[in-house]
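Have a look at entry-v5.csv; it's CSV, C-alpha atoms:
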```csv
chain,number,residue,atom,x,y,z
A,1,MET,CA,97.7,96.1,102.1
A,2,GLY,CA,95.2,98.9,101.7
A,3,GLU,CA,92.7,99.4,99.0
A,4,CYS,CA,92.4,101.7,96.1
A,5,ILE,CA,88.9,102.5,94.8
A,6,LEU,CA,88.0,103.7,91.3
A,7,PHE,CA,84.6,103.9,89.6
A,8,ALA,CA,83.9,103.2,85.9
A,9,ILE,CA,81.1,105.4,84.7
A,10,ASP,CA,79.0,105.1,81.6
A,11,SER,CA,77.4,108.5,81.3
A,12,ALA,CA,77.8,111.4,78.8
A,13,GLY,CA,76.6,113.8,81.4
A,14,VAL,CA,79.5,113.3,83.8
A,15,SER,CA,82.1,115.8,82.8
A,16,SER,CA,83.7,116.9,86.1
A,17,ALA,CA,84.8,115.3,89.3
A,18,ASP,CA,82.1,117.1,91.3
A,19,VAL,CA,79.4,115.7,89.0
A,20,ALA,CA,81.0,112.3,89.3
A,21,VAL,CA,80.6,112.5,93.1
A,22,ASP,CA,76.9,113.0,92.8
A,23,PHE,CA,76.6,110.3,90.1
A,24,VAL,CA,78.3,107.7,92.3
A,25,GLU,CA,76.1,108.5,95.2
A,26,GLN,CA,73.0,108.3,93.0
A,27,TRP,CA,73.9,105.0,91.4
A,28,ARG,CA,76.0,103.1,93.9
A,29,ASP,CA,73.2,101.1,95.4
A,30,ASN,CA,71.1,100.6,92.3
A,31,GLN,CA,70.1,97.1,91.2
A,32,ASP,CA,69.6,97.8,87.4
A,33,ALA,CA,71.2,95.5,84.8
A,34,PRO,CA,74.6,96.8,83.7
A,35,THR,CA,74.9,98.8,80.5
A,36,ALA,CA,76.6,97.0,77.6
A,37,ARG,CA,79.7,99.1,78.0
A,38,ILE,CA,80.0,98.4,81.7
A,39,ALA,CA,79.4,94.7,81.3
A,40,THR,CA,82.0,94.2,78.6
A,41,PHE,CA,84.5,96.4,80.5
A,42,PHE,CA,84.0,94.3,83.6
A,43,VAL,CA,84.8,91.1,81.6
A,44,ARG,CA,87.9,92.7,80.2
A,45,VAL,CA,89.2,93.7,83.6
A,46,LEU,CA,88.8,90.2,84.8
A,47,GLN,CA,90.7,88.9,81.8
A,48,THR,CA,93.5,91.4,82.4
A,49,TRP,CA,93.8,90.7,86.2
A,50,PRO,CA,92.1,87.4,87.0
A,51,GLU,CA,90.7,87.0,90.5
A,52,ASP,CA,92.9,83.9,91.0
A,53,GLY,CA,96.0,86.2,91.0
A,54,SER,CA,97.7,84.5,88.1
A,55,GLN,CA,98.5,88.0,86.7
A,56,GLY,CA,99.4,89.5,90.1
A,57,HIS,CA,97.3,90.1,93.1
A,58,VAL,CA,96.0,93.4,91.7
A,59,LEU,CA,92.3,93.0,92.7
A,60,HIS,CA,91.5,93.6,96.4
A,61,GLU,CA,89.4,90.9,98.1
A,62,GLU,CA,86.5,93.4,98.3
A,63,PHE,CA,86.4,93.3,94.5
A,64,ALA,CA,84.6,90.0,94.7
A,65,HIS,CA,81.6,92.0,96.1
A,66,SER,CA,81.7,94.4,93.1
A,67,ARG,CA,79.4,93.5,90.3
A,68,PRO,CA,78.4,95.7,87.3
A,69,LEU,CA,75.0,97.4,88.0
A,70,GLY,CA,73.6,100.0,85.7
A,71,PRO,CA,76.0,102.6,84.4
A,72,LEU,CA,78.5,102.2,87.3
A,73,LEU,CA,81.1,99.7,88.4
A,74,GLU,CA,83.1,100.0,91.6
A,75,LEU,CA,86.7,98.7,91.2
A,76,VAL,CA,88.7,97.8,94.3
A,77,PHE,CA,92.4,97.2,93.9
A,78,GLU,CA,95.3,96.4,96.2
A,79,SER,CA,97.0,99.8,96.7
A,80,GLY,CA,100.4,98.2,96.9
A,81,GLU,CA,100.0,96.5,93.5
A,82,PHE,CA,98.0,99.1,91.6
A,83,ASP,CA,100.7,101.4,90.5
A,84,ALA,CA,100.9,104.2,87.9
A,85,ALA,CA,101.5,101.8,85.1
A,86,ARG,CA,98.5,99.7,85.9
A,87,LEU,CA,96.4,102.9,86.2
A,88,GLN,CA,97.4,103.8,82.7
A,89,GLN,CA,96.5,100.3,81.6
A,90,LEU,CA,93.1,100.5,83.2
A,91,ARG,CA,92.5,104.0,81.6
A,92,ALA,CA,93.3,102.5,78.2
A,93,ILE,CA,90.8,99.7,78.7
A,94,ALA,CA,88.1,102.2,79.9
A,95,ALA,CA,88.8,104.5,76.9
A,96,HIS,CA,88.4,101.5,74.5
A,97,HIS,CA,84.9,100.9,76.0
A,98,GLN,CA,84.2,104.7,76.0
A,99,LEU,CA,84.0,104.8,79.7
A,100,LYS,CA,85.2,107.3,82.3
A,101,LEU,CA,87.1,106.5,85.5
A,102,PHE,CA,86.6,108.4,88.7
A,103,ASP,CA,89.1,108.5,91.5
A,104,PRO,CA,87.2,109.7,94.6
A,105,GLU,CA,90.3,110.1,96.8
A,106,GLY,CA,92.2,112.2,94.4
A,107,HIS,CA,89.0,113.8,93.1
A,108,VAL,CA,90.0,113.2,89.5
A,109,LEU,CA,87.8,112.2,86.6
A,110,TYR,CA,89.7,110.4,83.8
A,111,LEU,CA,87.9,111.1,80.6
A,112,ALA,CA,87.7,108.6,77.7
A,113,ASP,CA,89.7,111.0,75.4
A,114,GLY,CA,92.7,110.7,77.7
A,115,SER,CA,92.3,114.0,79.5
A,116,GLU,CA,91.6,114.7,83.2
A,117,ALA,CA,89.0,116.8,85.0
A,118,GLY,CA,88.9,118.1,88.5
A,119,ARG,CA,92.3,117.4,89.9
A,120,THR,CA,92.5,118.5,93.5
A,121,PRO,CA,94.3,121.8,93.8
A,122,PRO,CA,97.3,122.0,96.2
A,123,PRO,CA,96.5,122.7,99.8
A,124,PRO,CA,96.9,126.2,101.2
A,125,SER,CA,100.1,127.3,102.7
A,126,ILE,CA,100.5,127.4,106.5
A,127,PRO,CA,99.8,130.1,107.5
A,128,PRO,CA,97.3,130.5,104.7
A,129,GLN,CA,97.8,133.5,102.4
A,130,GLY,CA,95.0,135.9,101.4
A,131,PRO,CA,91.9,136.7,103.5
A,132,SER,CA,91.6,135.4,107.0
A,133,ARG,CA,87.8,135.3,107.2
A,134,CYS,CA,84.9,134.5,104.9
A,135,GLY,CA,83.0,137.8,104.2
A,136,ILE,CA,79.7,135.9,104.0
A,137,SER,CA,79.7,133.3,106.8
A,138,GLY,CA,82.3,134.6,109.0
A,139,LEU,CA,84.3,131.3,108.9
A,140,ARG,CA,88.0,131.9,109.6
A,141,PHE,CA,90.9,130.5,107.6
A,142,ASP,CA,93.8,131.5,109.9
A,143,GLY,CA,93.5,128.5,112.2
A,144,VAL,CA,91.4,125.5,112.9
A,145,TYR,CA,88.1,124.7,114.6
A,146,GLU,CA,88.2,122.1,117.4
A,147,SER,CA,85.6,120.2,119.4
A,148,LYS,CA,86.1,117.9,122.4
A,149,LEU,CA,84.2,114.6,121.8
A,150,SER,CA,83.7,111.8,124.4
A,151,GLU,CA,87.0,110.0,123.5
A,152,SER,CA,88.7,112.2,121.0
A,153,TRP,CA,89.1,115.7,119.5
A,154,SER,CA,87.6,116.8,116.2
A,155,TYR,CA,89.2,119.3,113.9
A,156,LEU,CA,88.0,121.4,110.9
A,157,ALA,CA,89.8,123.7,108.6
A,158,PHE,CA,88.4,125.9,105.8
A,159,SER,CA,90.0,127.7,102.9
A,160,SER,CA,89.0,130.9,101.1
A,161,ASP,CA,88.5,128.9,97.8
A,162,GLY,CA,85.6,126.9,99.3
A,163,ARG,CA,87.4,123.8,100.5
A,164,VAL,CA,87.0,122.1,103.9
A,165,TRP,CA,88.9,119.4,105.8
A,166,TRP,CA,87.7,117.4,108.8
A,167,GLN,CA,89.2,114.6,111.0
A,168,SER,CA,89.4,113.3,114.5
A,169,SER,CA,92.4,112.9,116.8
A,170,ARG,CA,92.9,110.8,119.9
A,171,GLY,CA,94.6,113.7,121.6
A,172,ARG,CA,94.4,117.5,121.5
A,173,LEU,CA,96.6,119.1,118.8
A,174,LYS,CA,98.2,122.5,118.4
A,175,ALA,CA,96.6,124.6,115.7
A,176,ALA,CA,99.6,124.3,113.3
A,177,VAL,CA,99.9,120.6,113.8
A,178,ALA,CA,96.2,120.0,113.3
A,179,MET,CA,96.2,122.2,110.1
A,180,LYS,CA,99.1,120.3,108.6
A,181,SER,CA,97.5,117.0,109.4
A,182,LEU,CA,94.3,118.1,107.8
A,183,PHE,CA,96.0,119.5,104.7
A,184,ASP,CA,98.1,116.3,104.3
A,185,ALA,CA,94.7,114.7,103.6
A,186,ASP,CA,95.4,111.0,104.0
A,187,SER,CA,92.6,108.5,103.7
A,188,PHE,CA,91.3,109.3,107.2
A,189,VAL,CA,90.7,113.0,106.5
A,190,CYS,CA,87.3,114.0,105.0
A,191,VAL,CA,87.8,116.5,102.3
A,192,GLY,CA,85.0,118.5,100.5
A,193,LYS,CA,83.6,121.8,99.6
A,194,TYR,CA,81.4,124.2,101.5
A,195,LYS,CA,78.8,126.8,100.6
A,196,PRO,CA,78.7,129.9,102.8
A,197,ALA,CA,75.6,131.7,103.8
A,198,GLU,CA,75.0,134.5,106.3
A,199,ARG,CA,76.5,133.2,109.6
A,200,SER,CA,76.2,129.6,108.4
A,201,PHE,CA,77.4,127.1,105.9
A,202,THR,CA,76.6,123.7,104.3
A,203,ALA,CA,79.2,121.2,103.1
A,204,ARG,CA,79.7,117.8,101.4
A,205,LEU,CA,82.7,115.8,102.3
A,206,LYS,CA,84.2,112.4,101.4
A,207,ALA,CA,86.9,110.1,102.8
A,208,ALA,CA,87.8,106.5,102.0
A,209,TYR,CA,85.3,105.3,104.6
A,210,GLY,CA,82.3,107.3,103.5
A,211,SER,CA,80.5,110.4,102.4
A,212,PHE,CA,79.1,113.1,104.7
A,213,ARG,CA,76.8,116.1,104.9
A,214,MET,CA,77.6,118.9,107.2
A,215,SER,CA,75.9,122.2,108.3
A,216,GLY,CA,77.0,124.9,110.7
A,217,GLU,CA,75.6,128.0,112.4
A,218,SER,CA,77.7,130.7,114.0
A,219,THR,CA,77.0,131.3,117.7
A,220,GLU,CA,79.4,133.8,119.3
A,221,ASP,CA,83.1,134.4,119.8
A,222,ASP,CA,83.9,132.4,116.6
A,223,ALA,CA,82.2,129.3,117.9
A,224,TRP,CA,80.0,127.2,115.6
A,225,THR,CA,77.3,124.6,116.2
A,226,ILE,CA,78.0,122.0,113.6
A,227,THR,CA,75.9,118.9,112.6
A,228,SER,CA,77.3,116.1,110.5
A,229,GLU,CA,75.9,112.9,109.2
A,230,LYS,CA,76.6,110.2,106.6
A,231,THR,CA,74.8,110.8,103.3
A,232,ASN,CA,72.6,107.8,104.0
A,233,GLY,CA,71.3,109.5,107.2
A,234,SER,CA,73.3,107.5,109.7
A,235,LYS,CA,75.9,108.6,112.3
A,236,ARG,CA,74.3,112.0,112.9
A,237,TYR,CA,76.2,114.2,115.4
A,238,THR,CA,76.0,117.8,116.6
A,239,SER,CA,78.8,119.5,118.4
A,240,VAL,CA,80.1,122.9,119.3
A,241,TYR,CA,83.4,123.9,117.7
A,242,THR,CA,85.6,126.7,118.9
A,243,PHE,CA,88.3,128.5,117.0
A,244,LEU,CA,92.0,127.8,117.6
A,245,ALA,CA,94.2,130.4,116.0
A,246,LEU,CA,97.6,129.7,114.5
```

Could you render the structure as structure tokens?
Amino acid sequence: MGECILFAIDSAGVSSADVAVDFVEQWRDNQDAPTARIATFFVRVLQTWPEDGSQGHVLHEEFAHSRPLGPLLELVFESGEFDAARLQQLRAIAAHHQLKLFDPEGHVLYLADGSEAGRTPPPPSIPPQGPSRCGISGLRFDGVYESKLSESWSYLAFSSDGRVWWQSSRGRLKAAVAMKSLFDADSFVCVGKYKPAERSFTARLKAAYGSFRMSGESTEDDAWTITSEKTNGSKRYTSVYTFLAL
């Protein structure tokens, strides 16, 4: 089975999914003692779904490595067991302890009052409606950008509302196929937001396997030199992407 990751957050300042992303990156590797709310919430989660599986194998094996530290707790569940009913149960437990829950894959922050913030908007249509090019950076929205890597192809798509999608494929894809695969946004697709500048952009993206920074500069003929790296500074790559129209 796969895993489903949520974060319990004890912070009054986290009020949106975007803020939650930065908060998780800031606190994920801290070694501080847990806050009182996080500590008691952790105990309640283990009482509800014991690690011995007596109440169902809800907790993923990776949960054993998650321990409350500071104002953050990473929760790892079995995706096949953690259904909508159990999510609502977890939300009720978090609300009782005045905590928020953040779903990084869905980019949703569940607030303690029962409301939600930052639900990911639906993907653009194919072909996208509206402008075909960013008036600031020159990025195009009516196709995908592709780059040939040593053993695969890499694809990028941008939208006019500031979103970006990124993934690799073993083989070369047609533009419409690549765009649909990107917009479907499964756990292997990095999804994020970009900030345009004159003939350039910067972006932050996230997938189930990590968070990334990206920057790009326009060259010519709709080609871009793009550098990406994990937010911890590892896996830095630079490659030239060319535009593939729909």

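Residue nearest Trp153 of chain A within the list A:Ser239, A:Glu229, A:Arg91, A:Gly192: A:Ser239 [criterion: smallest interatomic distance, only C-alpha atoms].
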
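The gap separating atom CA of Ile93 of chain A from atom CA of Leu111 of chain A is 11.9 Å, in Å to one decimal.
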
Worksheet entry | Nearest to Arg86 of chain A by atom-to-atom distance, counting only C-alpha atoms, from A:Thr48, A:Ala12, A:Pro121, A:Leu109 | A:Thr48

Fill in: Interatomic distance (Å, one decimal) between atom CA of Lys174 of chain A and atom CA of Ala245 of chain A
9.2 Å

Item to complete: Please indicate the distance in Å from atom CA of Gln31 of chain A to atom CA of Asn232 of chain A, rounded to one decimal place.
Response: 16.9 Å

Discussion item. Using all atoms listed in the file, which protein or nucleic acid residues come within 10 Å of His107 of chain A? Drop anything in the same chain fewer than 4 positions from it, and give the result as a ChimeraX atom specification.
Written reply: /A:16-18,20-21,102-103,117-121,191-192,206

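Counting all atoms listed in the file and comparing A:Ala176, A:Val58, A:Leu72, A:Leu99, the residue that lies closest to Phe23 of chain A is A:Leu72.
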
Discussion item. Please return as a PyMOL selection string every residue within 12 Å of (78.2, 130.2, 113.7), taking into account all atoms listed in the file and the file's own coordinates.
Written reply: chain A and resi 134+136-140+145+196-202+215-227+239-243
